>>> print(open('run-v7.cif').read())   # mmCIF, C-alpha atoms
data_protein
loop_
_atom_site.label_atom_id
_atom_site.label_comp_id
_atom_site.auth_asym_id
_atom_site.auth_seq_id
_atom_site.Cartn_x
_atom_site.Cartn_y
_atom_site.Cartn_z
CA MET D 1 -1.36 -3.49 7.22
CA ARG D 2 2.46 -4.95 14.56
CA VAL D 3 4.53 -4.38 18.29
CA GLU D 4 7.06 -3.69 20.93
CA ARG D 5 7.93 -0.21 22.11
CA SER D 6 10.93 1.65 20.71
CA ALA D 7 14.28 0.17 21.61
CA SER D 8 15.76 3.51 22.61
CA ALA D 9 14.72 7.01 23.53
CA VAL D 10 16.59 8.39 20.51
CA LEU D 11 14.67 6.19 18.10
CA ARG D 12 11.41 7.10 19.86
CA CYS D 13 12.08 10.80 19.34
CA ALA D 14 13.05 10.27 15.71
CA LEU D 15 9.85 8.36 14.98
CA CYS D 16 7.71 10.93 16.77
CA LEU D 17 9.33 13.66 14.67
CA ALA D 18 8.67 11.69 11.48
CA VAL D 19 5.02 11.23 12.41
CA GLY D 20 4.72 14.89 13.25
CA LEU D 21 6.14 15.92 9.89
CA VAL D 22 3.67 13.66 8.11
CA LEU D 23 0.61 14.63 10.09
CA GLY D 24 1.11 18.29 10.82
CA SER D 25 0.36 19.99 14.10
CA SER D 26 -3.39 20.30 13.55
CA VAL D 27 -4.16 16.57 13.77
CA THR D 28 -5.32 15.28 17.13
CA GLU D 29 -3.60 12.35 18.78
CA PHE D 30 -4.89 8.90 17.84
CA ALA D 31 -6.98 7.68 20.76
CA ALA D 32 -5.79 4.13 21.36
CA PRO D 33 -8.61 1.69 22.17
CA ALA D 34 -8.31 -1.01 24.77
CA PRO D 35 -5.71 -3.57 23.64
CA THR D 36 -7.13 -6.07 21.19
CA PRO D 37 -5.82 -9.57 20.52
CA ALA D 38 -3.20 -9.72 17.81
CA PRO D 39 -4.23 -11.35 14.52
CA ALA D 40 -3.96 -15.13 14.48
CA PHE D 41 -1.18 -15.01 11.89
CA ILE D 42 1.50 -12.33 11.65
CA PRO D 43 4.36 -13.13 9.24
CA TYR D 44 6.50 -10.60 11.07
CA THR D 45 5.84 -7.98 13.69
CA MET D 46 5.58 -4.23 13.38
CA ARG D 47 8.96 -3.98 15.06
CA GLU D 48 10.37 -6.05 12.22
CA ARG D 49 8.60 -3.78 9.71
CA LEU D 50 10.39 -0.69 10.99
CA GLY D 51 12.77 -0.55 8.03
CA ALA D 52 9.87 -0.63 5.57
CA ASN D 53 8.09 2.18 7.40
CA LEU D 54 11.23 4.29 7.58
CA TYR D 55 11.83 3.70 3.88
CA MET D 56 8.40 5.04 2.98
CA GLN D 57 8.76 8.08 5.25
CA THR D 58 12.42 9.02 4.79
CA ALA D 59 13.86 7.52 1.60
CA ALA D 60 14.19 9.89 -1.35
CA GLU D 61 14.43 6.70 -3.42
CA TYR D 62 10.85 5.78 -2.47
CA ARG D 63 9.70 9.25 -3.47
CA ALA D 64 11.57 8.95 -6.78
CA CYS D 65 9.92 5.58 -7.55
CA CYS D 66 6.45 7.04 -7.00
CA LEU D 67 7.17 10.19 -9.01
CA GLN D 68 8.65 8.09 -11.80
CA THR D 69 5.57 5.86 -11.94
CA TYR D 70 3.15 8.76 -12.10
CA ARG D 71 5.28 10.73 -14.57
CA LEU D 72 5.42 7.79 -16.99
CA ALA D 73 1.69 7.23 -16.52
CA GLU D 74 1.02 10.87 -17.36
CA LEU D 75 2.99 10.55 -20.60
CA ARG D 76 1.18 7.32 -21.45
CA LEU D 77 -2.22 8.88 -20.77
CA ALA D 78 -1.44 11.89 -22.94
CA SER D 79 -0.47 9.52 -25.75
CA LEU D 80 -3.72 7.56 -25.43
CA MET D 81 -5.80 10.73 -25.25
CA ALA D 82 -4.34 11.91 -28.55
CA ALA D 83 -6.70 9.39 -30.20
CA ARG D 84 -9.66 11.17 -28.52
CA PRO D 85 -11.25 8.05 -26.96
CA ALA D 86 -14.87 8.26 -25.86
CA LYS D 87 -15.63 8.32 -22.11
CA PRO D 88 -12.00 7.86 -20.98
CA ALA D 89 -11.32 6.89 -17.38
CA VAL D 90 -8.53 5.67 -15.12
CA ILE D 91 -8.98 3.39 -12.10
CA MET D 92 -6.94 4.03 -8.97
CA ASP D 93 -6.60 2.13 -5.73
CA LEU D 94 -6.43 4.37 -2.65
CA ASP D 95 -4.27 3.06 0.21
CA GLU D 96 -0.56 3.26 -0.65
CA THR D 97 -1.49 4.30 -4.19
CA VAL D 98 -3.07 7.69 -3.50
CA LEU D 99 -3.21 7.72 0.31
CA ASP D 100 -0.04 7.27 2.34
CA ASN D 101 -0.90 5.53 5.63
CA SER D 102 2.65 5.22 6.96
CA ALA D 103 1.79 7.45 9.95
CA TYR D 104 -0.70 4.76 11.04
CA GLU D 105 2.10 2.21 10.77
CA SER D 106 4.21 4.48 12.99
CA TYR D 107 1.37 4.61 15.51
CA LEU D 108 1.29 0.82 15.67
CA TYR D 109 5.04 0.68 16.23
CA GLU D 110 5.04 3.36 18.91
CA THR D 111 2.16 1.81 20.86
CA GLY D 112 3.44 -1.74 20.58
CA GLN D 113 0.39 -3.06 18.75
CA GLU D 114 -0.20 -5.29 15.76
CA ASN D 115 -2.60 -4.27 13.04
CA GLY D 116 -6.07 -5.72 13.40
CA GLY D 117 -9.60 -5.08 12.22
CA ASP D 118 -10.57 -2.96 15.23
CA LEU D 119 -7.58 -0.64 14.98
CA TRP D 120 -7.83 -0.15 11.23
CA THR D 121 -11.57 0.47 11.51
CA ILE D 122 -11.02 3.20 14.09
CA TYR D 123 -8.30 4.77 11.95
CA GLU D 124 -10.37 4.65 8.77
CA ARG D 125 -13.55 5.88 10.45
CA ASP D 126 -12.30 8.53 12.86
CA TYR D 127 -9.04 9.90 11.48
CA PRO D 128 -9.50 11.11 7.89
CA GLY D 129 -6.92 13.83 8.55
CA TRP D 130 -4.09 11.34 9.11
CA PRO D 131 -3.33 10.03 5.58
CA ALA D 132 -0.79 11.91 3.51
CA LEU D 133 -0.42 11.83 -0.27
CA VAL D 134 1.67 9.28 -2.13
CA PRO D 135 4.21 11.38 -4.08
CA GLY D 136 3.00 12.22 -7.56
CA ALA D 137 -0.57 11.02 -7.04
CA LYS D 138 -2.35 14.36 -6.83
CA PRO D 139 -0.46 16.00 -9.73
CA PHE D 140 -1.37 13.01 -11.89
CA ILE D 141 -5.02 13.14 -10.83
CA ASP D 142 -5.17 16.88 -11.53
CA LYS D 143 -3.62 16.46 -14.98
CA ALA D 144 -5.87 13.52 -15.84
CA GLU D 145 -8.95 15.54 -14.93
CA ALA D 146 -7.61 18.49 -16.92
CA MET D 147 -7.57 16.10 -19.92
CA ARG D 148 -11.25 15.37 -19.13
CA VAL D 149 -10.48 11.85 -17.97
CA THR D 150 -12.78 10.52 -15.23
CA VAL D 151 -10.78 9.34 -12.21
CA ILE D 152 -12.38 6.31 -10.54
CA TYR D 153 -11.31 5.01 -7.13
CA ILE D 154 -11.71 1.32 -6.29
CA SER D 155 -10.64 0.62 -2.73
CA ASN D 156 -11.08 -2.04 -0.08
CA ARG D 157 -11.82 0.60 2.49
CA SER D 158 -15.25 -0.08 3.93
CA GLU D 159 -18.31 1.35 2.19
CA ARG D 160 -19.75 1.81 5.69
CA TYR D 161 -17.20 4.57 6.34
CA GLY D 162 -17.28 6.05 2.88
CA SER D 163 -17.98 9.54 4.20
CA SER D 164 -14.71 9.44 6.14
CA THR D 165 -12.78 8.34 3.05
CA ILE D 166 -14.30 11.24 1.14
CA LYS D 167 -13.20 13.57 3.95
CA ALA D 168 -9.66 12.20 3.64
CA LEU D 169 -9.63 12.94 -0.09
CA ARG D 170 -11.05 16.41 0.42
CA HIS D 171 -8.55 17.10 3.20
CA LEU D 172 -5.73 16.36 0.75
CA GLY D 173 -7.13 18.66 -1.92
CA ILE D 174 -8.32 15.91 -4.25
CA ASN D 175 -11.38 16.74 -6.33
CA VAL D 176 -14.46 15.11 -4.82
CA GLU D 177 -17.04 16.47 -7.24
CA LYS D 178 -19.55 13.69 -8.01
CA ILE D 179 -17.34 11.39 -5.93
CA GLU D 180 -20.30 9.18 -4.99
CA ASP D 181 -20.36 8.03 -8.62
CA ARG D 182 -16.57 7.54 -8.74
CA LEU D 183 -15.84 5.78 -5.46
CA TYR D 184 -16.25 1.99 -5.29
CA LEU D 185 -15.60 0.70 -1.78
CA LYS D 186 -15.69 -2.75 -0.22
CA THR D 187 -19.03 -4.25 0.72
CA ASP D 188 -18.58 -8.00 1.09
CA THR D 189 -15.38 -9.06 -0.70
CA SER D 190 -11.82 -7.88 -1.28
CA ASP D 191 -12.03 -9.15 -4.85
CA LYS D 192 -12.29 -6.03 -7.02
CA THR D 193 -13.22 -7.84 -10.23
CA LYS D 194 -16.94 -7.04 -10.20
CA ARG D 195 -16.28 -3.41 -9.33
CA ARG D 196 -13.78 -3.10 -12.18
CA ASP D 197 -16.32 -4.71 -14.51
CA ARG D 198 -18.98 -2.19 -13.44
CA VAL D 199 -16.64 0.66 -14.26
CA ALA D 200 -15.63 -0.90 -17.57
CA ALA D 201 -19.30 -1.17 -18.54
CA LYS D 202 -19.65 2.62 -18.25
CA TYR D 203 -16.24 3.92 -19.26
CA ASN D 204 -13.32 3.31 -21.55
CA VAL D 205 -10.71 2.43 -18.91
CA LEU D 206 -7.29 3.50 -20.14
CA LEU D 207 -5.05 2.93 -17.11
CA LEU D 208 -5.15 1.16 -13.74
CA PHE D 209 -3.05 1.97 -10.65
CA GLY D 210 -2.33 0.00 -7.49
CA ASP D 211 0.27 -1.16 -4.98
CA ASN D 212 -1.04 -4.74 -4.93
CA LEU D 213 -1.20 -6.91 -8.04
CA ARG D 214 -4.78 -7.81 -7.17
CA ASP D 215 -5.62 -4.17 -7.94
CA PHE D 216 -5.23 -5.26 -11.57
CA SER D 217 -6.40 -8.87 -11.69
CA GLU D 218 -7.38 -11.72 -9.38
CA THR D 219 -4.97 -13.94 -11.29
CA PHE D 220 -2.35 -12.64 -8.86
CA VAL D 221 -4.10 -13.82 -5.69
CA ALA D 222 -1.67 -15.77 -3.54
CA PRO D 223 -2.26 -19.53 -3.80
CA LYS D 224 -3.42 -21.24 -0.62
CA VAL D 225 -0.41 -22.71 1.15
CA SER D 226 0.06 -24.04 4.68
CA GLY D 227 2.87 -25.38 6.78
CA GLU D 228 1.87 -28.88 5.69
CA ASP D 229 3.04 -28.01 2.17
CA GLY D 230 6.57 -27.43 3.43
CA ALA D 231 9.21 -25.09 2.04
CA ASN D 232 8.76 -26.41 -1.48
CA GLY D 233 5.05 -25.57 -1.37
CA TYR D 234 5.75 -21.95 -0.44
CA ASN D 235 8.56 -21.60 -2.96
CA LYS D 236 6.39 -23.06 -5.71
CA ALA D 237 3.57 -20.62 -4.88
CA ILE D 238 5.98 -17.67 -4.92
CA GLN D 239 7.36 -18.77 -8.28
CA ASP D 240 3.82 -19.15 -9.58
CA ARG D 241 3.14 -15.45 -8.87
CA PHE D 242 6.44 -14.53 -10.51
CA ASP D 243 5.41 -16.49 -13.60
CA ARG D 244 2.03 -14.78 -13.71
CA VAL D 245 3.72 -11.38 -13.59
CA ASP D 246 6.07 -12.39 -16.42
CA ALA D 247 3.08 -13.56 -18.47
CA ALA D 248 1.45 -10.13 -18.00
CA VAL D 249 4.59 -8.09 -18.64
CA PHE D 250 3.01 -6.37 -21.65
CA HIS D 251 0.57 -4.60 -19.28
CA PHE D 252 3.13 -2.92 -17.05
CA GLY D 253 3.90 0.61 -18.14
CA GLN D 254 1.18 0.36 -20.78
CA ASP D 255 -2.13 0.19 -18.93
CA TRP D 256 -1.03 -1.04 -15.49
CA PHE D 257 1.09 1.10 -13.18
CA ILE D 258 2.22 -0.27 -9.81
CA LEU D 259 3.45 1.70 -6.81
CA PRO D 260 6.04 0.39 -4.31
CA ASN D 261 4.75 -0.80 -0.93
CA PRO D 262 7.35 -2.59 1.23
CA GLY D 263 5.10 -2.46 4.29
CA TYR D 264 2.39 -5.03 3.55
CA GLY D 265 0.53 -6.74 0.74
CA GLU D 266 -0.60 -9.94 -0.93
CA TRP D 267 2.97 -11.25 -0.93
CA GLU D 268 2.83 -11.64 2.87
CA ASN D 269 0.49 -14.61 2.45
CA LEU D 270 3.41 -16.60 1.05
CA VAL D 271 6.14 -16.00 3.63
CA GLY D 272 4.74 -18.49 6.14
CA ASP D 273 5.41 -18.61 9.86
CA ASP D 274 9.19 -18.77 9.30
CA PRO D 275 9.91 -15.93 6.85
CA VAL D 276 13.68 -16.42 6.92
CA ARG D 277 13.21 -19.71 5.06
CA ARG D 278 11.89 -17.79 2.06
CA LEU D 279 15.25 -16.04 1.60
CA ARG D 280 17.58 -17.30 -1.11
CA PRO D 281 20.73 -18.78 0.42
CA SER D 282 23.88 -16.88 -0.49
CA GLY D 283 26.12 -19.92 -0.86
CA MET D 284 28.97 -18.07 0.83
CA LYS D 285 30.97 -19.88 3.47
CA PRO D 286 30.83 -18.38 6.99
CA ILE D 287 33.47 -15.70 7.42
CA ASN D 288 34.19 -14.23 10.81
CA PHE D 289 35.41 -10.64 10.84
CA PRO D 290 34.66 -9.47 14.40
CA ARG D 291 36.09 -6.00 13.85
CA ASN D 292 33.71 -5.37 10.95
CA ARG D 293 30.52 -6.32 12.78
CA ALA D 294 27.93 -3.61 13.24
CA PRO D 295 27.85 -2.35 16.82
CA ALA D 296 25.05 -3.81 18.90
CA ARG D 297 22.15 -1.44 19.53
CA LYS D 298 21.68 -0.22 23.06
CA PRO D 299 18.67 -1.74 24.86
#
>>> encode(input="run-v7.cif", output="structure tokens")
Amino acid sequence: MRVERSASAVLRCALCLAVGLVLGSSVTEFAAPAPTPAPAFIPYTMRERLGANLYMQTAAEYRACCLQTYRLAELRLASLMAARPAKPAVIMDLDETVLDNSAYESYLYETGQENGGDLWTIYERDYPGWPALVPGAKPFIDKAEAMRVTVIYISNRSERYGSSTIKALRHLGINVEKIEDRLYLKTDTSDKTKRRDRVAAKYNVLLLFGDNLRDFSETFVAPKVSGEDGANGYNKAIQDRFDRVDAAVFHFGQDWFILPNPGYGEWENLVGDDPVRRLRPSGMKPINFPRNRAPARKP
């Protein structure tokens, strides 16, 4: 969580309609600030992320994945609660776990901008009415609270704009009673370990939710790699994260539940400045079937 304007008027209209459906007619237009420099490193632009954004906003498959995750988590929580644990709690990330920010991604695409600190800060601070709900998140939260489970939110949204985050939750109908004691926002580091430890010291944490593996453990932080390490360095780092996931497989579906996020995440740190080189080669020989080529898009 960037880029050129829409390639056609038809696509522009379709995106505007999608944003409108997500936001509703009552939300005011995002006031674009003066253009800011793009981040120093962008693995691929917002134009190239269009498919990911469309997937999150239009694919029933994305909705099904989210509903499936939360439905299985609900069953797991009910099973754990049958043992009547003391002070039960669940920990949830916010962005792309509870809050759907795909309309912000659409804004970036439509205005031809890349995501940067200034833009995200303005969005987070001034537009609490923009986020939608990740499918299944609110029903799960409601059912967990009905089981008398404390729902804790650990997010890397800024603590400085905590009041706006609370407004976003309230706007979406999420219970904000005693939220000041249940909301752990970022102060000086994206590492959530200490915040998770603080929660674990007060509660019996049964389940954790996130869209980024670092929402569960810092063991999944992307290793530091640079162009000097070459393709093998990147591939080794990617495999290292795969291996760490395999080593933690017993957590998934038991106490860790991950949501799909094709738009951005920790994985981007390992694609390098030439993302195509991270793709696995097919091994197929070139075959030229001109009549079967997809028609070129109109400029």
>>> resolve_selection(input="run-v7.cif", expression="the PyMOL selection byres ((chain D and resi 256) around 9)", output="ChimeraX atom specification")
/D:73,207-210,216,251-255,257-258
>>> residues_near_point(input="run-v7.cif", point="(-5.5, 21.4, 5.0)", cutoff="9 Å", atoms="all atoms listed in the file", output="list in words")
Ser26, Gly129, Arg170, His171, Leu172 and Gly173 of chain D
>>> write_last_selection(input="run-v7.cif", atoms="C-alpha atoms", output="mmCIF file, in the coordinates of the input")
data_model
loop_
_atom_site.group_PDB
_atom_site.id
_atom_site.type_symbol
_atom_site.label_atom_id
_atom_site.label_comp_id
_atom_site.auth_asym_id
_atom_site.auth_seq_id
_atom_site.Cartn_x
_atom_site.Cartn_y
_atom_site.Cartn_z
ATOM 1 C CA SER D 26 -3.390 20.300 13.550
ATOM 2 C CA GLY D 129 -6.920 13.830 8.550
ATOM 3 C CA ARG D 170 -11.050 16.410 0.420
ATOM 4 C CA HIS D 171 -8.550 17.100 3.200
ATOM 5 C CA LEU D 172 -5.730 16.360 0.750
ATOM 6 C CA GLY D 173 -7.130 18.660 -1.920
#
>>> resolve_selection(input="run-v7.cif", expression="the PyMOL selection byres ((chain D and resi 71) around 12)", output="PDB file with C-alpha atoms, in the coordinates of the input")
ATOM      1  CA  ALA D  64      11.570   8.950  -6.780  1.00  0.00           C
ATOM      2  CA  CYS D  65       9.920   5.580  -7.550  1.00  0.00           C
ATOM      3  CA  CYS D  66       6.450   7.040  -7.000  1.00  0.00           C
ATOM      4  CA  LEU D  67       7.170  10.190  -9.010  1.00  0.00           C
ATOM      5  CA  GLN D  68       8.650   8.090 -11.800  1.00  0.00           C
ATOM      6  CA  THR D  69       5.570   5.860 -11.940  1.00  0.00           C
ATOM      7  CA  TYR D  70       3.150   8.760 -12.100  1.00  0.00           C
ATOM      8  CA  LEU D  72       5.420   7.790 -16.990  1.00  0.00           C
ATOM      9  CA  ALA D  73       1.690   7.230 -16.520  1.00  0.00           C
ATOM     10  CA  GLU D  74       1.020  10.870 -17.360  1.00  0.00           C
ATOM     11  CA  LEU D  75       2.990  10.550 -20.600  1.00  0.00           C
ATOM     12  CA  ARG D  76       1.180   7.320 -21.450  1.00  0.00           C
ATOM     13  CA  LEU D  77      -2.220   8.880 -20.770  1.00  0.00           C
ATOM     14  CA  ALA D  78      -1.440  11.890 -22.940  1.00  0.00           C
ATOM     15  CA  PRO D 135       4.210  11.380  -4.080  1.00  0.00           C
ATOM     16  CA  GLY D 136       3.000  12.220  -7.560  1.00  0.00           C
ATOM     17  CA  ALA D 137      -0.570  11.020  -7.040  1.00  0.00           C
ATOM     18  CA  LYS D 138      -2.350  14.360  -6.830  1.00  0.00           C
ATOM     19  CA  PRO D 139      -0.460  16.000  -9.730  1.00  0.00           C
ATOM     20  CA  PHE D 140      -1.370  13.010 -11.890  1.00  0.00           C
ATOM     21  CA  ILE D 141      -5.020  13.140 -10.830  1.00  0.00           C
ATOM     22  CA  LYS D 143      -3.620  16.460 -14.980  1.00  0.00           C
ATOM     23  CA  ALA D 144      -5.870  13.520 -15.840  1.00  0.00           C
ATOM     24  CA  GLY D 253       3.900   0.610 -18.140  1.00  0.00           C
ATOM     25  CA  PHE D 257       1.090   1.100 -13.180  1.00  0.00           C
TER      26      PHE D 257
END
>>> residues_around(input="run-v7.cif", residues="D:Arg244", least_positions_apart="4", cutoff="7 Å", atoms="all atoms listed in the file", output="PDB file with C-alpha atoms, in the coordinates of the input")
ATOM      1  CA  PHE D 220      -2.350 -12.640  -8.860  1.00  0.00           C
ATOM      2  CA  ASP D 240       3.820 -19.150  -9.580  1.00  0.00           C
ATOM      3  CA  ALA D 248       1.450 -10.130 -18.000  1.00  0.00           C
TER       4      ALA D 248
END
>>> atom_distance(input="run-v7.cif", atom1="atom CA of D:Arg214", atom2="atom CA of D:Arg160")
22.0 Å
>>> resolve_selection(input="run-v7.cif", expression="the PyMOL selection byres ((chain D and resi 145-158) around 7)", output="list of chain:residue names")
D:Pro88, D:Ala89, D:Val90, D:Ile91, D:Met92, D:Asp93, D:Leu94, D:Ile141, D:Asp142, D:Lys143, D:Ala144, D:Glu159, D:Arg160, D:Tyr161, D:Gly162, D:Arg182, D:Leu183, D:Tyr184, D:Leu185, D:Lys186, D:Thr187, D:Ser190
>>> residues_near_point(input="run-v7.cif", point="(10.3, -17.0, -2.1)", cutoff="7 Å", atoms="only C-alpha atoms", output="ChimeraX atom specification")
/D:234-235,238,278-279
>>> atom_distance(input="run-v7.cif", atom1="atom CA of D:Arg49", atom2="atom CA of D:Thr111")
14.0 Å
>>> closest_residue(input="run-v7.cif", among="D:Arg47, D:Lys236, D:Arg84, D:Arg63", to="D:Asn204", atoms="all atoms listed in the file")
D:Arg84
>>> atom_distance(input="run-v7.cif", atom1="atom CA of D:Asn269", atom2="atom CA of D:Ala222")
6.5 Å
>>> closest_residue(input="run-v7.cif", among="D:Pro281, D:Ser164, D:Lys87, D:Asp100", to="D:Val199", atoms="all atoms listed in the file")
D:Lys87
>>> closest_residue(input="run-v7.cif", among="D:Ile166, D:Ala52, D:Ala86, D:Leu108", to="D:Arg125", atoms="all atoms listed in the file")
D:Ile166
>>> build_atoms(input="run-v7.cif", residues="stretch 87-113 of chain D", atoms="N, CA and C atoms", output="mmCIF file, in the coordinates of the input")
data_model
loop_
_atom_site.group_PDB
_atom_site.id
_atom_site.type_symbol
_atom_site.label_atom_id
_atom_site.label_comp_id
_atom_site.auth_asym_id
_atom_site.auth_seq_id
_atom_site.Cartn_x
_atom_site.Cartn_y
_atom_site.Cartn_z
ATOM 1 N N LYS D 87 -15.438 8.625 -23.546
ATOM 2 C CA LYS D 87 -15.630 8.320 -22.110
ATOM 3 C C LYS D 87 -14.378 7.733 -21.464
ATOM 4 N N PRO D 88 -13.240 8.400 -21.564
ATOM 5 C CA PRO D 88 -12.000 7.860 -20.980
ATOM 6 C C PRO D 88 -12.024 7.916 -19.455
ATOM 7 N N ALA D 89 -11.400 6.934 -18.841
ATOM 8 C CA ALA D 89 -11.320 6.890 -17.380
ATOM 9 C C ALA D 89 -10.042 6.178 -16.966
ATOM 10 N N VAL D 90 -9.609 6.437 -15.743
ATOM 11 C CA VAL D 90 -8.530 5.670 -15.120
ATOM 12 C C VAL D 90 -9.076 5.142 -13.793
ATOM 13 N N ILE D 91 -8.591 3.985 -13.377
ATOM 14 C CA ILE D 91 -8.980 3.390 -12.100
ATOM 15 C C ILE D 91 -7.790 3.416 -11.165
ATOM 16 N N MET D 92 -8.010 3.940 -9.951
ATOM 17 C CA MET D 92 -6.940 4.030 -8.970
ATOM 18 C C MET D 92 -7.349 3.380 -7.657
ATOM 19 N N ASP D 93 -6.463 2.574 -7.107
ATOM 20 C CA ASP D 93 -6.600 2.130 -5.730
ATOM 21 C C ASP D 93 -6.360 3.350 -4.839
ATOM 22 N N LEU D 94 -6.659 3.245 -3.557
ATOM 23 C CA LEU D 94 -6.430 4.370 -2.650
ATOM 24 C C LEU D 94 -5.229 4.151 -1.724
ATOM 25 N N ASP D 95 -5.310 3.205 -0.796
ATOM 26 C CA ASP D 95 -4.270 3.060 0.210
ATOM 27 C C ASP D 95 -2.942 2.628 -0.389
ATOM 28 N N GLU D 96 -1.909 3.441 -0.149
ATOM 29 C CA GLU D 96 -0.560 3.260 -0.650
ATOM 30 C C GLU D 96 -0.459 3.407 -2.165
ATOM 31 N N THR D 97 -1.517 3.919 -2.787
ATOM 32 C CA THR D 97 -1.490 4.300 -4.190
ATOM 33 C C THR D 97 -1.752 5.793 -4.311
ATOM 34 N N VAL D 98 -2.763 6.268 -3.609
ATOM 35 C CA VAL D 98 -3.070 7.690 -3.500
ATOM 36 C C VAL D 98 -2.847 8.162 -2.071
ATOM 37 N N LEU D 99 -3.313 7.374 -1.113
ATOM 38 C CA LEU D 99 -3.210 7.720 0.310
ATOM 39 C C LEU D 99 -2.031 7.024 0.957
ATOM 40 N N ASP D 100 -1.192 7.792 1.615
ATOM 41 C CA ASP D 100 -0.040 7.270 2.340
ATOM 42 C C ASP D 100 -0.429 7.098 3.808
ATOM 43 N N ASN D 101 -0.484 5.838 4.255
ATOM 44 C CA ASN D 101 -0.900 5.530 5.630
ATOM 45 C C ASN D 101 0.285 5.192 6.534
ATOM 46 N N SER D 102 1.488 5.611 6.173
ATOM 47 C CA SER D 102 2.650 5.220 6.960
ATOM 48 C C SER D 102 2.614 5.796 8.370
ATOM 49 N N ALA D 103 1.902 6.907 8.587
ATOM 50 C CA ALA D 103 1.790 7.450 9.950
ATOM 51 C C ALA D 103 1.000 6.484 10.840
ATOM 52 N N TYR D 104 0.036 5.781 10.273
ATOM 53 C CA TYR D 104 -0.700 4.760 11.040
ATOM 54 C C TYR D 104 0.233 3.621 11.405
ATOM 55 N N GLU D 105 1.116 3.245 10.477
ATOM 56 C CA GLU D 105 2.100 2.210 10.770
ATOM 57 C C GLU D 105 3.009 2.663 11.915
ATOM 58 N N SER D 106 3.371 3.944 11.914
ATOM 59 C CA SER D 106 4.210 4.480 12.990
ATOM 60 C C SER D 106 3.472 4.402 14.324
ATOM 61 N N TYR D 107 2.179 4.692 14.294
ATOM 62 C CA TYR D 107 1.370 4.610 15.510
ATOM 63 C C TYR D 107 1.403 3.189 16.075
ATOM 64 N N LEU D 108 1.269 2.201 15.220
ATOM 65 C CA LEU D 108 1.290 0.820 15.670
ATOM 66 C C LEU D 108 2.633 0.496 16.325
ATOM 67 N N TYR D 109 3.711 0.932 15.684
ATOM 68 C CA TYR D 109 5.040 0.680 16.230
ATOM 69 C C TYR D 109 5.196 1.331 17.603
ATOM 70 N N GLU D 110 4.836 2.598 17.679
ATOM 71 C CA GLU D 110 5.040 3.360 18.910
ATOM 72 C C GLU D 110 4.207 2.822 20.081
ATOM 73 N N THR D 111 3.040 2.294 19.796
ATOM 74 C CA THR D 111 2.160 1.810 20.860
ATOM 75 C C THR D 111 2.296 0.317 21.098
ATOM 76 N N GLY D 112 3.199 -0.327 20.360
ATOM 77 C CA GLY D 112 3.440 -1.740 20.580
ATOM 78 C C GLY D 112 2.277 -2.626 20.210
ATOM 79 N N GLN D 113 1.557 -2.281 19.151
ATOM 80 C CA GLN D 113 0.390 -3.060 18.750
ATOM 81 C C GLN D 113 0.566 -3.624 17.339
#
